[in-house]
Amino acid sequence: MSTRHESFDVAIVGAGIAGLAHAWAALRRGLRVVVLERDDRADGASVRNFGMTWPIGQLPGNGLQTALHSRELWLELADASGLWLKLCGSLHLAYRDDEWAVLQEFAATATDDGYQVGLLTANQVLDMSPATNPEGLRGGMRSETELGINPRTAIARFAAWLAEQPGATFRFGTTATAVETGRVTTQAGDTFNAERIIICSGSDTRTLFPEVLARSGVRLCKLQMLRTPTQPKGWTLGPHLASGLTLRHYRLFEACPSFSALRARIAEETPELDRFGIHILAAQNDRGEVLLGDSHEYDADIQPQDKPEIDELILREVRKMIRLPNWTIAHRWHGVYVKHPTQSVIDVEPLKGVRIVTSFGGAGMTLALGYADLNWK
Ligand SMILES: Cc1cc2nc3c(=O)[nH]c(=O)nc-3n(C[C@H](O)[C@H](O)[C@H](O)COP(=O)(O)OP(=O)(O)OC[C@H]3O[C@@H](n4cnc5c(N)ncnc54)[C@H](O)[C@@H]3O)c2cc1C
């Protein structure tokens, strides 16, 4: 079989959200782009997540601005491509005094930092989300900026829409096996010449520039997830919900005076949650299914098989904050992403004209669109 040799302005490796975001950024600038994806469709973290665009999880400044820019781009994309998106916002729920204290402390300065948040009494929370468990509820924090998409359909829709744009070429079932300045070579021996090459290969840290990724300090992180069937009679969750456990998962709450006591109390009362990095988020998709999660296991702790005890712990904690009409779990799965301990993204240039952009951690759906646009070089 003869090999092919084609030329583009930009070649992108990976059709997850990071690769698609960069493809869109390049196409908007009038460039000719090829996207190479090793599977028949994107199969990584981008199709396994909650589908939450979550600016409220970003630190003030660059992180929040990038997330809010992404939000604008998601809205534009949904409008142009027809992918499903809901403007749902989010609710952080407090069931303990220390959780309520952290939310109050955060909300006191959050508006000045650019967050669109407000505190709610328990009754106001229940009005906004009747799904919330009223037992022991102290109050909540509403945020206006979060979006919901369905990753199982959105990523495919995004790729299909991009493929229709002038200058776009997609090659699925095509693994990039070698990258040098100006050229990507595939497993079939095809070559794609491009002035700029952007590698967005997600959790595959072994194929392209493994030594660069190892040096960067990124870690692999596995998350377990659960999904109910369609809930009955048009039941709705309302906004995305986050638990008090979530306050110890996002760094922006660490500056609150009550944070250390909250973290210490959770570690003492429920060390099993810290052991598996469990916090609780809930989202509902366009099919009425409720997605529940999640856990965080790193590097050597990652096993191919999922741990039933993690699912049980997630469900135990979910029951404290949500009342679902149907608790059947229809699907269980896991996803893996790469994450740097302190940086929100890894963006390095190992060779002239070759960028590796990866390691959005748990925020790729929140950051990648904005990041690709704001950092186009
Ligand atoms: C369970 C879970 C829940 C999450 N929830 C959220 C959330 O609600 N909100 C949020 O913002 N983020 C969330 N995240 C994080 C988010 O999903 C990731 O940050 C993001 O999807 C990473 O995107 P990516 O494009 O870098 O990687 P991926 O989605 O893994 O895509 C990489 C792609 O590159 C392809 N590839 C790899 N190597 C090659 C090669 N050599 N040649 C060709 N193709 C290659 C792979 O097949 C893959 O399709 C969650 C993640 C998980 C796992």
# chains A, B, ... in the order shown; residues from 1 in each chain; ligands from 1
call {"tool": "residues_around", "arguments": {"residues": "region 121-125 of chain A", "least_positions_apart": "5", "cutoff": "9 Å", "atoms": "only C-alpha atoms", "output": "PyMOL selection string"}}
result
chain A and resi 91+93-94+130+132+134+137-142
call {"tool": "write_last_selection", "arguments": {"atoms": "C-alpha atoms", "output": "short mmCIF file (atom, residue, chain, number, x, y, z; two decimals), in the first residue's frame"}}
result
data_model
loop_
_atom_site.label_atom_id
_atom_site.label_comp_id
_atom_site.auth_asym_id
_atom_site.auth_seq_id
_atom_site.Cartn_x
_atom_site.Cartn_y
_atom_site.Cartn_z
CA LEU A 91 -25.09 25.04 43.84
CA LEU A 93 -24.43 22.68 49.46
CA ALA A 94 -23.49 22.99 53.15
CA PRO A 130 -36.11 20.42 45.14
CA THR A 132 -31.69 18.56 47.47
CA PRO A 134 -33.44 19.01 53.29
CA LEU A 137 -29.16 21.49 55.19
CA ARG A 138 -27.56 24.75 56.45
CA GLY A 139 -27.57 26.69 53.18
CA GLY A 140 -25.83 26.91 49.85
CA MET A 141 -23.90 29.03 47.41
CA ARG A 142 -25.34 29.68 43.98
#
call {"tool": "residues_near_ligand", "arguments": {"ligand": "ligand 1", "cutoff": "7 Å", "atoms": "only C-alpha atoms and all ligand atoms", "output": "count of residues only"}}
result
55
call {"tool": "residues_around", "arguments": {"residues": "region 65-81 of chain A", "least_positions_apart": "4", "cutoff": "10 Å", "atoms": "only C-alpha atoms", "output": "number ranges by chain"}}
result
A: 21, 24, 53-61, 85-87, 114-115, 145-149, 154, 157-162, 363-375
call {"tool": "select_by_dssp", "arguments": {"residues": "region 171-347 of chain A", "states": "strand (DSSP E or B)", "output": "tab-separated table (two decimals) with N, CA and C atoms, in the first residue's frame"}}
result
chain	number	residue	atom	x	y	z
A	171	ARG	N	-8.57	12.93	10.29
A	171	ARG	CA	-8.15	11.56	9.99
A	171	ARG	C	-8.31	10.73	11.27
A	172	PHE	N	-9.40	9.98	11.35
A	172	PHE	CA	-9.59	9.08	12.49
A	172	PHE	C	-8.89	7.75	12.17
A	176	ALA	N	-0.38	9.01	15.48
A	176	ALA	CA	0.89	9.70	15.23
A	176	ALA	C	1.98	8.94	16.00
A	177	THR	N	2.96	8.45	15.31
A	177	THR	CA	4.01	7.67	15.98
A	177	THR	C	5.32	8.44	16.12
A	178	ALA	N	5.49	9.48	15.31
A	178	ALA	CA	6.73	10.28	15.42
A	178	ALA	C	6.42	11.72	15.00
A	179	VAL	N	7.03	12.64	15.73
A	179	VAL	CA	6.86	14.05	15.41
A	179	VAL	C	8.23	14.71	15.39
A	180	GLU	N	8.51	15.43	14.30
A	180	GLU	CA	9.72	16.25	14.24
A	180	GLU	C	9.29	17.63	13.74
A	183	ARG	N	6.84	17.97	10.62
A	183	ARG	CA	6.30	16.71	10.10
A	183	ARG	C	5.81	15.75	11.19
A	184	VAL	N	4.61	15.18	10.91
A	184	VAL	CA	4.09	14.09	11.75
A	184	VAL	C	4.07	12.82	10.90
A	185	THR	N	4.57	11.73	11.46
A	185	THR	CA	4.52	10.44	10.76
A	185	THR	C	3.56	9.52	11.50
A	186	THR	N	2.79	8.75	10.75
A	186	THR	CA	1.78	7.88	11.36
A	186	THR	C	2.21	6.42	11.33
A	191	THR	N	2.82	10.75	5.99
A	191	THR	CA	3.39	11.94	6.64
A	191	THR	C	2.49	13.15	6.39
A	192	PHE	N	2.41	13.98	7.43
A	192	PHE	CA	1.64	15.22	7.36
A	192	PHE	C	2.62	16.35	7.66
A	193	ASN	N	2.88	17.16	6.65
A	193	ASN	CA	3.78	18.29	6.84
A	193	ASN	C	2.97	19.49	7.35
A	194	ALA	N	3.50	20.17	8.35
A	194	ALA	CA	2.81	21.34	8.88
A	194	ALA	C	3.81	22.24	9.58
A	195	GLU	N	3.62	23.55	9.37
A	195	GLU	CA	4.52	24.52	10.01
A	195	GLU	C	4.38	24.44	11.53
A	196	ARG	N	3.12	24.24	11.98
A	196	ARG	CA	2.89	24.13	13.43
A	196	ARG	C	2.27	22.77	13.72
A	197	ILE	N	2.76	22.15	14.77
A	197	ILE	CA	2.22	20.86	15.20
A	197	ILE	C	1.85	21.00	16.68
A	198	ILE	N	0.63	20.59	17.00
A	198	ILE	CA	0.18	20.71	18.39
A	198	ILE	C	-0.24	19.32	18.86
A	199	ILE	N	0.39	18.86	19.92
A	199	ILE	CA	0.13	17.51	20.42
A	199	ILE	C	-0.78	17.61	21.64
A	219	ARG	N	1.08	13.72	36.46
A	219	ARG	CA	0.67	12.45	37.05
A	219	ARG	C	-0.59	11.96	36.36
A	220	LEU	N	-0.77	10.65	36.34
A	220	LEU	CA	-2.03	10.09	35.83
A	220	LEU	C	-3.03	10.02	36.97
A	221	CYS	N	-4.27	10.31	36.68
A	221	CYS	CA	-5.33	10.28	37.70
A	221	CYS	C	-6.55	9.55	37.15
A	222	LYS	N	-7.01	8.56	37.91
A	222	LYS	CA	-8.19	7.77	37.50
A	222	LYS	C	-9.40	8.18	38.34
A	223	LEU	N	-10.53	8.35	37.67
A	223	LEU	CA	-11.77	8.73	38.35
A	223	LEU	C	-12.86	7.71	38.05
A	224	GLN	N	-13.61	7.29	39.08
A	224	GLN	CA	-14.78	6.42	38.86
A	224	GLN	C	-16.06	7.25	38.84
A	225	MET	N	-16.97	6.85	37.96
A	225	MET	CA	-18.21	7.60	37.73
A	225	MET	C	-19.41	6.65	37.68
A	226	LEU	N	-20.59	7.18	37.96
A	226	LEU	CA	-21.84	6.41	37.94
A	226	LEU	C	-22.91	7.22	37.21
A	227	ARG	N	-23.86	6.52	36.60
A	227	ARG	CA	-24.97	7.24	35.94
A	227	ARG	C	-26.27	6.49	36.13
A	240	HIS	N	-26.16	22.11	38.57
A	240	HIS	CA	-25.18	21.11	39.01
A	240	HIS	C	-25.05	21.26	40.53
A	241	LEU	N	-24.90	20.12	41.22
A	241	LEU	CA	-24.76	20.17	42.68
A	241	LEU	C	-23.34	19.74	43.10
A	242	ALA	N	-22.82	20.43	44.11
A	242	ALA	CA	-21.51	20.08	44.68
A	242	ALA	C	-21.65	19.99	46.19
A	281	LEU	N	-20.07	15.40	43.09
A	281	LEU	CA	-20.70	16.30	42.13
A	281	LEU	C	-21.84	15.54	41.47
A	282	ALA	N	-22.89	16.27	41.08
A	282	ALA	CA	-24.01	15.64	40.37
A	282	ALA	C	-24.45	16.55	39.24
A	283	ALA	N	-24.73	15.94	38.08
A	283	ALA	CA	-25.18	16.70	36.91
A	283	ALA	C	-26.24	15.89	36.20
A	284	GLN	N	-27.15	16.57	35.53
A	284	GLN	CA	-28.17	15.85	34.74
A	284	GLN	C	-28.01	16.22	33.27
A	290	VAL	N	-28.80	11.07	35.52
A	290	VAL	CA	-28.02	11.84	36.50
A	290	VAL	C	-26.63	11.21	36.62
A	291	LEU	N	-25.61	12.04	36.42
A	291	LEU	CA	-24.22	11.58	36.53
A	291	LEU	C	-23.71	11.90	37.93
A	292	LEU	N	-23.09	10.91	38.55
A	292	LEU	CA	-22.62	11.04	39.93
A	292	LEU	C	-21.15	10.66	40.01
A	293	GLY	N	-20.38	11.39	40.79
A	293	GLY	CA	-18.99	11.02	40.98
A	293	GLY	C	-18.40	11.92	42.05
A	297	GLU	N	-7.60	8.52	42.03
A	297	GLU	CA	-6.47	7.63	42.37
A	297	GLU	C	-5.33	7.92	41.40
A	298	TYR	N	-4.12	7.93	41.93
A	298	TYR	CA	-2.98	8.41	41.14
A	298	TYR	C	-1.95	7.31	40.85
A	322	ILE	N	-28.80	14.41	48.06
A	322	ILE	CA	-29.78	14.41	46.95
A	322	ILE	C	-30.86	13.35	47.21
A	331	HIS	N	-25.06	2.72	34.57
A	331	HIS	CA	-23.71	2.64	33.99
A	331	HIS	C	-22.66	3.02	35.02
A	332	ARG	N	-21.56	2.29	34.95
A	332	ARG	CA	-20.39	2.60	35.79
A	332	ARG	C	-19.20	2.62	34.85
A	333	TRP	N	-18.32	3.58	35.00
A	333	TRP	CA	-17.14	3.63	34.14
A	333	TRP	C	-16.04	4.44	34.83
A	334	HIS	N	-14.90	4.48	34.21
A	334	HIS	CA	-13.86	5.36	34.74
A	334	HIS	C	-13.20	6.13	33.60
A	335	GLY	N	-12.52	7.18	33.95
A	335	GLY	CA	-11.73	7.95	32.99
A	335	GLY	C	-10.38	8.26	33.61
A	336	VAL	N	-9.42	8.54	32.75
A	336	VAL	CA	-8.07	8.88	33.23
A	336	VAL	C	-7.65	10.19	32.57
A	337	TYR	N	-7.12	11.09	33.37
A	337	TYR	CA	-6.53	12.30	32.79
A	337	TYR	C	-5.14	12.50	33.35
A	338	VAL	N	-4.38	13.42	32.71
A	338	VAL	CA	-3.08	13.79	33.28
A	338	VAL	C	-3.23	15.12	34.00
A	339	LYS	N	-2.46	15.24	35.06
A	339	LYS	CA	-2.62	16.41	35.93
A	339	LYS	C	-1.25	16.77	36.49
A	346	ILE	N	-0.04	22.00	30.91
A	346	ILE	CA	1.35	21.91	30.46
A	346	ILE	C	1.37	22.35	29.00
A	347	ASP	N	2.18	23.35	28.70
A	347	ASP	CA	2.29	23.87	27.34
A	347	ASP	C	3.77	24.08	27.07
call {"tool": "residues_around", "arguments": {"residues": "Arg215 (chain A)", "least_positions_apart": "3", "cutoff": "12 Å", "atoms": "only C-alpha atoms", "output": "NGL selection string"}}
result
:A and (205 or 209-212 or 218-219 or 340 or 346 or 348 or 350)
call {"tool": "select_by_dssp", "arguments": {"residues": "region 197-320 of chain A", "states": "helix (DSSP H, G or I)", "output": "PyMOL selection string"}}
result
chain A and resi 210-216+232-234+244-248+251-253+259-269+271-275+299-301+308-320
call {"tool": "write_last_selection", "arguments": {"atoms": "C-alpha atoms", "output": "short mmCIF file (atom, residue, chain, number, x, y, z; two decimals), in the first residue's frame"}}
result
data_model
loop_
_atom_site.label_atom_id
_atom_site.label_comp_id
_atom_site.auth_asym_id
_atom_site.auth_seq_id
_atom_site.Cartn_x
_atom_site.Cartn_y
_atom_site.Cartn_z
CA PRO A 210 7.57 10.49 26.76
CA GLU A 211 10.77 11.89 28.29
CA VAL A 212 9.46 15.47 28.06
CA LEU A 213 6.19 14.50 29.74
CA ALA A 214 7.98 12.50 32.44
CA ARG A 215 10.22 15.51 33.19
CA SER A 216 7.23 17.85 33.34
CA PRO A 232 -39.13 9.45 35.72
CA LYS A 233 -41.81 11.99 34.82
CA GLY A 234 -39.51 14.77 33.67
CA GLY A 244 -19.10 20.17 51.19
CA LEU A 245 -16.47 17.54 50.33
CA THR A 246 -15.89 19.42 47.09
CA LEU A 247 -14.61 22.44 49.02
CA ARG A 248 -11.39 20.54 49.73
CA ARG A 251 -7.73 25.26 45.66
CA LEU A 252 -9.73 28.50 45.67
CA PHE A 253 -11.36 27.64 49.01
CA PHE A 259 -10.84 25.68 55.50
CA SER A 260 -8.14 23.92 57.55
CA ALA A 261 -10.64 22.88 60.21
CA LEU A 262 -13.01 21.55 57.56
CA ARG A 263 -10.26 19.50 55.93
CA ALA A 264 -9.07 18.15 59.29
CA ARG A 265 -12.61 17.21 60.31
CA ILE A 266 -13.23 15.27 57.09
CA ALA A 267 -9.85 13.52 57.40
CA GLU A 268 -10.66 12.45 60.94
CA GLU A 269 -14.32 11.47 60.46
CA PRO A 271 -10.48 8.91 56.18
CA GLU A 272 -11.85 6.47 53.56
CA LEU A 273 -12.98 9.48 51.49
CA ASP A 274 -9.50 11.02 51.57
CA ARG A 275 -7.94 7.66 50.75
CA ASP A 299 -0.17 6.66 39.24
CA ALA A 300 0.76 3.33 40.91
CA ASP A 301 -2.63 3.13 42.69
CA PRO A 308 -16.87 -1.43 44.04
CA GLU A 309 -16.12 0.11 47.47
CA ILE A 310 -15.48 3.46 45.77
CA ASP A 311 -18.89 3.32 44.08
CA GLU A 312 -20.52 2.50 47.43
CA LEU A 313 -18.79 5.42 49.16
CA ILE A 314 -19.83 7.81 46.38
CA LEU A 315 -23.45 6.63 46.67
CA ARG A 316 -23.34 6.87 50.47
CA GLU A 317 -22.29 10.51 50.25
CA VAL A 318 -24.67 11.34 47.38
CA ARG A 319 -27.64 10.11 49.46
CA LYS A 320 -26.78 12.68 52.13
#
call {"tool": "closest_residue", "arguments": {"among": "A:Ser295, A:Ser344, A:Ser258, A:Asn150", "to": "Leu103 (chain A)", "atoms": "only C-alpha atoms"}}
result
A:Ser258
call {"tool": "decode", "arguments": {"residues": "region 234-376 of chain A", "atoms": "C-alpha atoms", "output": "PDB file, in the first residue's frame"}}
result
ATOM      1  CA  GLY A 234     -39.514  14.771  33.666  1.00  0.00           C
ATOM      2  CA  TRP A 235     -37.859  15.030  37.118  1.00  0.00           C
ATOM      3  CA  THR A 236     -35.092  17.627  37.091  1.00  0.00           C
ATOM      4  CA  LEU A 237     -31.990  18.091  39.216  1.00  0.00           C
ATOM      5  CA  GLY A 238     -31.777  21.824  38.456  1.00  0.00           C
ATOM      6  CA  PRO A 239     -28.277  23.301  38.778  1.00  0.00           C
ATOM      7  CA  HIS A 240     -25.181  21.113  39.015  1.00  0.00           C
ATOM      8  CA  LEU A 241     -24.756  20.168  42.678  1.00  0.00           C
ATOM      9  CA  ALA A 242     -21.508  20.081  44.681  1.00  0.00           C
ATOM     10  CA  SER A 243     -21.052  18.814  48.226  1.00  0.00           C
ATOM     11  CA  GLY A 244     -19.103  20.172  51.188  1.00  0.00           C
ATOM     12  CA  LEU A 245     -16.474  17.537  50.326  1.00  0.00           C
ATOM     13  CA  THR A 246     -15.893  19.415  47.093  1.00  0.00           C
ATOM     14  CA  LEU A 247     -14.609  22.435  49.019  1.00  0.00           C
ATOM     15  CA  ARG A 248     -11.385  20.539  49.726  1.00  0.00           C
ATOM     16  CA  HIS A 249     -10.996  19.581  46.066  1.00  0.00           C
ATOM     17  CA  TYR A 250     -10.623  23.066  44.548  1.00  0.00           C
ATOM     18  CA  ARG A 251      -7.729  25.261  45.659  1.00  0.00           C
ATOM     19  CA  LEU A 252      -9.730  28.497  45.669  1.00  0.00           C
ATOM     20  CA  PHE A 253     -11.357  27.642  49.013  1.00  0.00           C
ATOM     21  CA  GLU A 254      -8.003  27.026  50.755  1.00  0.00           C
ATOM     22  CA  ALA A 255      -7.599  30.725  51.599  1.00  0.00           C
ATOM     23  CA  CYS A 256     -10.789  30.726  53.693  1.00  0.00           C
ATOM     24  CA  PRO A 257     -10.022  30.891  57.455  1.00  0.00           C
ATOM     25  CA  SER A 258     -12.283  27.897  58.230  1.00  0.00           C
ATOM     26  CA  PHE A 259     -10.842  25.683  55.498  1.00  0.00           C
ATOM     27  CA  SER A 260      -8.138  23.919  57.554  1.00  0.00           C
ATOM     28  CA  ALA A 261     -10.636  22.879  60.214  1.00  0.00           C
ATOM     29  CA  LEU A 262     -13.013  21.546  57.556  1.00  0.00           C
ATOM     30  CA  ARG A 263     -10.262  19.503  55.932  1.00  0.00           C
ATOM     31  CA  ALA A 264      -9.070  18.155  59.287  1.00  0.00           C
ATOM     32  CA  ARG A 265     -12.612  17.206  60.311  1.00  0.00           C
ATOM     33  CA  ILE A 266     -13.230  15.267  57.089  1.00  0.00           C
ATOM     34  CA  ALA A 267      -9.852  13.519  57.396  1.00  0.00           C
ATOM     35  CA  GLU A 268     -10.656  12.446  60.943  1.00  0.00           C
ATOM     36  CA  GLU A 269     -14.316  11.471  60.463  1.00  0.00           C
ATOM     37  CA  THR A 270     -14.093   9.825  57.063  1.00  0.00           C
ATOM     38  CA  PRO A 271     -10.483   8.905  56.178  1.00  0.00           C
ATOM     39  CA  GLU A 272     -11.853   6.474  53.564  1.00  0.00           C
ATOM     40  CA  LEU A 273     -12.975   9.483  51.489  1.00  0.00           C
ATOM     41  CA  ASP A 274      -9.497  11.022  51.567  1.00  0.00           C
ATOM     42  CA  ARG A 275      -7.940   7.656  50.745  1.00  0.00           C
ATOM     43  CA  PHE A 276      -9.795   7.517  47.418  1.00  0.00           C
ATOM     44  CA  GLY A 277      -9.959  11.299  46.833  1.00  0.00           C
ATOM     45  CA  ILE A 278     -13.754  11.229  46.879  1.00  0.00           C
ATOM     46  CA  HIS A 279     -15.884  14.327  46.609  1.00  0.00           C
ATOM     47  CA  ILE A 280     -19.405  14.612  45.244  1.00  0.00           C
ATOM     48  CA  LEU A 281     -20.701  16.299  42.126  1.00  0.00           C
ATOM     49  CA  ALA A 282     -24.008  15.644  40.370  1.00  0.00           C
ATOM     50  CA  ALA A 283     -25.180  16.702  36.910  1.00  0.00           C
ATOM     51  CA  GLN A 284     -28.168  15.854  34.739  1.00  0.00           C
ATOM     52  CA  ASN A 285     -27.896  15.491  30.973  1.00  0.00           C
ATOM     53  CA  ASP A 286     -30.349  16.041  28.117  1.00  0.00           C
ATOM     54  CA  ARG A 287     -31.640  12.458  28.501  1.00  0.00           C
ATOM     55  CA  GLY A 288     -32.651  13.080  32.093  1.00  0.00           C
ATOM     56  CA  GLU A 289     -29.900  10.756  33.364  1.00  0.00           C
ATOM     57  CA  VAL A 290     -28.019  11.839  36.502  1.00  0.00           C
ATOM     58  CA  LEU A 291     -24.218  11.578  36.531  1.00  0.00           C
ATOM     59  CA  LEU A 292     -22.621  11.042  39.930  1.00  0.00           C
ATOM     60  CA  GLY A 293     -18.988  11.023  40.979  1.00  0.00           C
ATOM     61  CA  ASP A 294     -16.150  10.964  41.661  1.00  0.00           C
ATOM     62  CA  SER A 295     -12.877   9.576  43.047  1.00  0.00           C
ATOM     63  CA  HIS A 296      -9.187  10.310  42.410  1.00  0.00           C
ATOM     64  CA  GLU A 297      -6.473   7.628  42.369  1.00  0.00           C
ATOM     65  CA  TYR A 298      -2.977   8.409  41.145  1.00  0.00           C
ATOM     66  CA  ASP A 299      -0.170   6.657  39.241  1.00  0.00           C
ATOM     67  CA  ALA A 300       0.757   3.332  40.912  1.00  0.00           C
ATOM     68  CA  ASP A 301      -2.632   3.133  42.690  1.00  0.00           C
ATOM     69  CA  ILE A 302      -4.414   2.966  39.328  1.00  0.00           C
ATOM     70  CA  GLN A 303      -5.753  -0.523  38.615  1.00  0.00           C
ATOM     71  CA  PRO A 304      -7.534  -1.617  35.423  1.00  0.00           C
ATOM     72  CA  GLN A 305     -10.504  -2.904  37.446  1.00  0.00           C
ATOM     73  CA  ASP A 306     -12.814  -0.453  39.166  1.00  0.00           C
ATOM     74  CA  LYS A 307     -13.283  -0.680  42.930  1.00  0.00           C
ATOM     75  CA  PRO A 308     -16.871  -1.434  44.045  1.00  0.00           C
ATOM     76  CA  GLU A 309     -16.123   0.110  47.468  1.00  0.00           C
ATOM     77  CA  ILE A 310     -15.479   3.458  45.775  1.00  0.00           C
ATOM     78  CA  ASP A 311     -18.889   3.325  44.080  1.00  0.00           C
ATOM     79  CA  GLU A 312     -20.521   2.500  47.431  1.00  0.00           C
ATOM     80  CA  LEU A 313     -18.788   5.416  49.157  1.00  0.00           C
ATOM     81  CA  ILE A 314     -19.826   7.808  46.380  1.00  0.00           C
ATOM     82  CA  LEU A 315     -23.454   6.630  46.670  1.00  0.00           C
ATOM     83  CA  ARG A 316     -23.345   6.868  50.469  1.00  0.00           C
ATOM     84  CA  GLU A 317     -22.287  10.508  50.254  1.00  0.00           C
ATOM     85  CA  VAL A 318     -24.669  11.338  47.376  1.00  0.00           C
ATOM     86  CA  ARG A 319     -27.637  10.112  49.463  1.00  0.00           C
ATOM     87  CA  LYS A 320     -26.776  12.684  52.131  1.00  0.00           C
ATOM     88  CA  MET A 321     -27.389  15.539  49.704  1.00  0.00           C
ATOM     89  CA  ILE A 322     -29.782  14.412  46.952  1.00  0.00           C
ATOM     90  CA  ARG A 323     -33.161  12.662  46.813  1.00  0.00           C
ATOM     91  CA  LEU A 324     -33.451  10.793  43.529  1.00  0.00           C
ATOM     92  CA  PRO A 325     -36.721   9.163  42.422  1.00  0.00           C
ATOM     93  CA  ASN A 326     -34.746   6.304  40.824  1.00  0.00           C
ATOM     94  CA  TRP A 327     -31.486   5.149  42.445  1.00  0.00           C
ATOM     95  CA  THR A 328     -30.759   2.428  39.881  1.00  0.00           C
ATOM     96  CA  ILE A 329     -27.220   2.682  38.556  1.00  0.00           C
ATOM     97  CA  ALA A 330     -27.381   2.019  34.841  1.00  0.00           C
ATOM     98  CA  HIS A 331     -23.714   2.640  33.988  1.00  0.00           C
ATOM     99  CA  ARG A 332     -20.386   2.605  35.785  1.00  0.00           C
ATOM    100  CA  TRP A 333     -17.142   3.633  34.137  1.00  0.00           C
ATOM    101  CA  HIS A 334     -13.858   5.361  34.738  1.00  0.00           C
ATOM    102  CA  GLY A 335     -11.730   7.947  32.990  1.00  0.00           C
ATOM    103  CA  VAL A 336      -8.072   8.882  33.233  1.00  0.00           C
ATOM    104  CA  TYR A 337      -6.525  12.297  32.789  1.00  0.00           C
ATOM    105  CA  VAL A 338      -3.082  13.788  33.277  1.00  0.00           C
ATOM    106  CA  LYS A 339      -2.618  16.406  35.931  1.00  0.00           C
ATOM    107  CA  HIS A 340       0.236  18.537  37.168  1.00  0.00           C
ATOM    108  CA  PRO A 341       0.392  19.073  40.962  1.00  0.00           C
ATOM    109  CA  THR A 342       0.496  22.884  40.655  1.00  0.00           C
ATOM    110  CA  GLN A 343       0.037  23.971  37.011  1.00  0.00           C
ATOM    111  CA  SER A 344      -3.385  24.072  35.353  1.00  0.00           C
ATOM    112  CA  VAL A 345      -1.933  23.098  31.954  1.00  0.00           C
ATOM    113  CA  ILE A 346       1.350  21.908  30.459  1.00  0.00           C
ATOM    114  CA  ASP A 347       2.287  23.868  27.336  1.00  0.00           C
ATOM    115  CA  VAL A 348       5.846  23.169  26.177  1.00  0.00           C
ATOM    116  CA  GLU A 349       7.754  23.371  22.889  1.00  0.00           C
ATOM    117  CA  PRO A 350      10.150  20.398  22.735  1.00  0.00           C
ATOM    118  CA  LEU A 351      11.126  21.236  19.147  1.00  0.00           C
ATOM    119  CA  LYS A 352      10.755  24.347  17.003  1.00  0.00           C
ATOM    120  CA  GLY A 353       7.152  24.551  15.768  1.00  0.00           C
ATOM    121  CA  VAL A 354       6.002  21.635  17.953  1.00  0.00           C
ATOM    122  CA  ARG A 355       3.847  22.298  21.040  1.00  0.00           C
ATOM    123  CA  ILE A 356       2.606  19.801  23.589  1.00  0.00           C
ATOM    124  CA  VAL A 357      -0.576  21.120  25.210  1.00  0.00           C
ATOM    125  CA  THR A 358      -1.977  18.740  27.765  1.00  0.00           C
ATOM    126  CA  SER A 359      -2.683  18.153  31.449  1.00  0.00           C
ATOM    127  CA  PHE A 360      -5.808  20.230  31.959  1.00  0.00           C
ATOM    128  CA  GLY A 361      -6.450  17.881  34.894  1.00  0.00           C
ATOM    129  CA  GLY A 362     -10.075  17.871  35.991  1.00  0.00           C
ATOM    130  CA  ALA A 363     -10.880  21.044  34.083  1.00  0.00           C
ATOM    131  CA  GLY A 364     -10.363  20.363  30.380  1.00  0.00           C
ATOM    132  CA  MET A 365     -14.018  20.950  29.520  1.00  0.00           C
ATOM    133  CA  THR A 366     -13.827  24.193  31.489  1.00  0.00           C
ATOM    134  CA  LEU A 367     -10.530  25.572  30.204  1.00  0.00           C
ATOM    135  CA  ALA A 368      -9.485  24.105  26.851  1.00  0.00           C
ATOM    136  CA  LEU A 369     -11.619  26.225  24.503  1.00  0.00           C
ATOM    137  CA  GLY A 370     -10.601  29.469  26.169  1.00  0.00           C
ATOM    138  CA  TYR A 371      -6.986  28.420  26.613  1.00  0.00           C
ATOM    139  CA  ALA A 372      -6.530  27.485  22.944  1.00  0.00           C
ATOM    140  CA  ASP A 373      -7.963  30.804  21.798  1.00  0.00           C
ATOM    141  CA  LEU A 374      -6.191  33.065  24.289  1.00  0.00           C
ATOM    142  CA  ASN A 375      -2.824  31.344  23.891  1.00  0.00           C
ATOM    143  CA  TRP A 376      -2.747  30.905  20.128  1.00  0.00           C
TER     144      TRP A 376
END
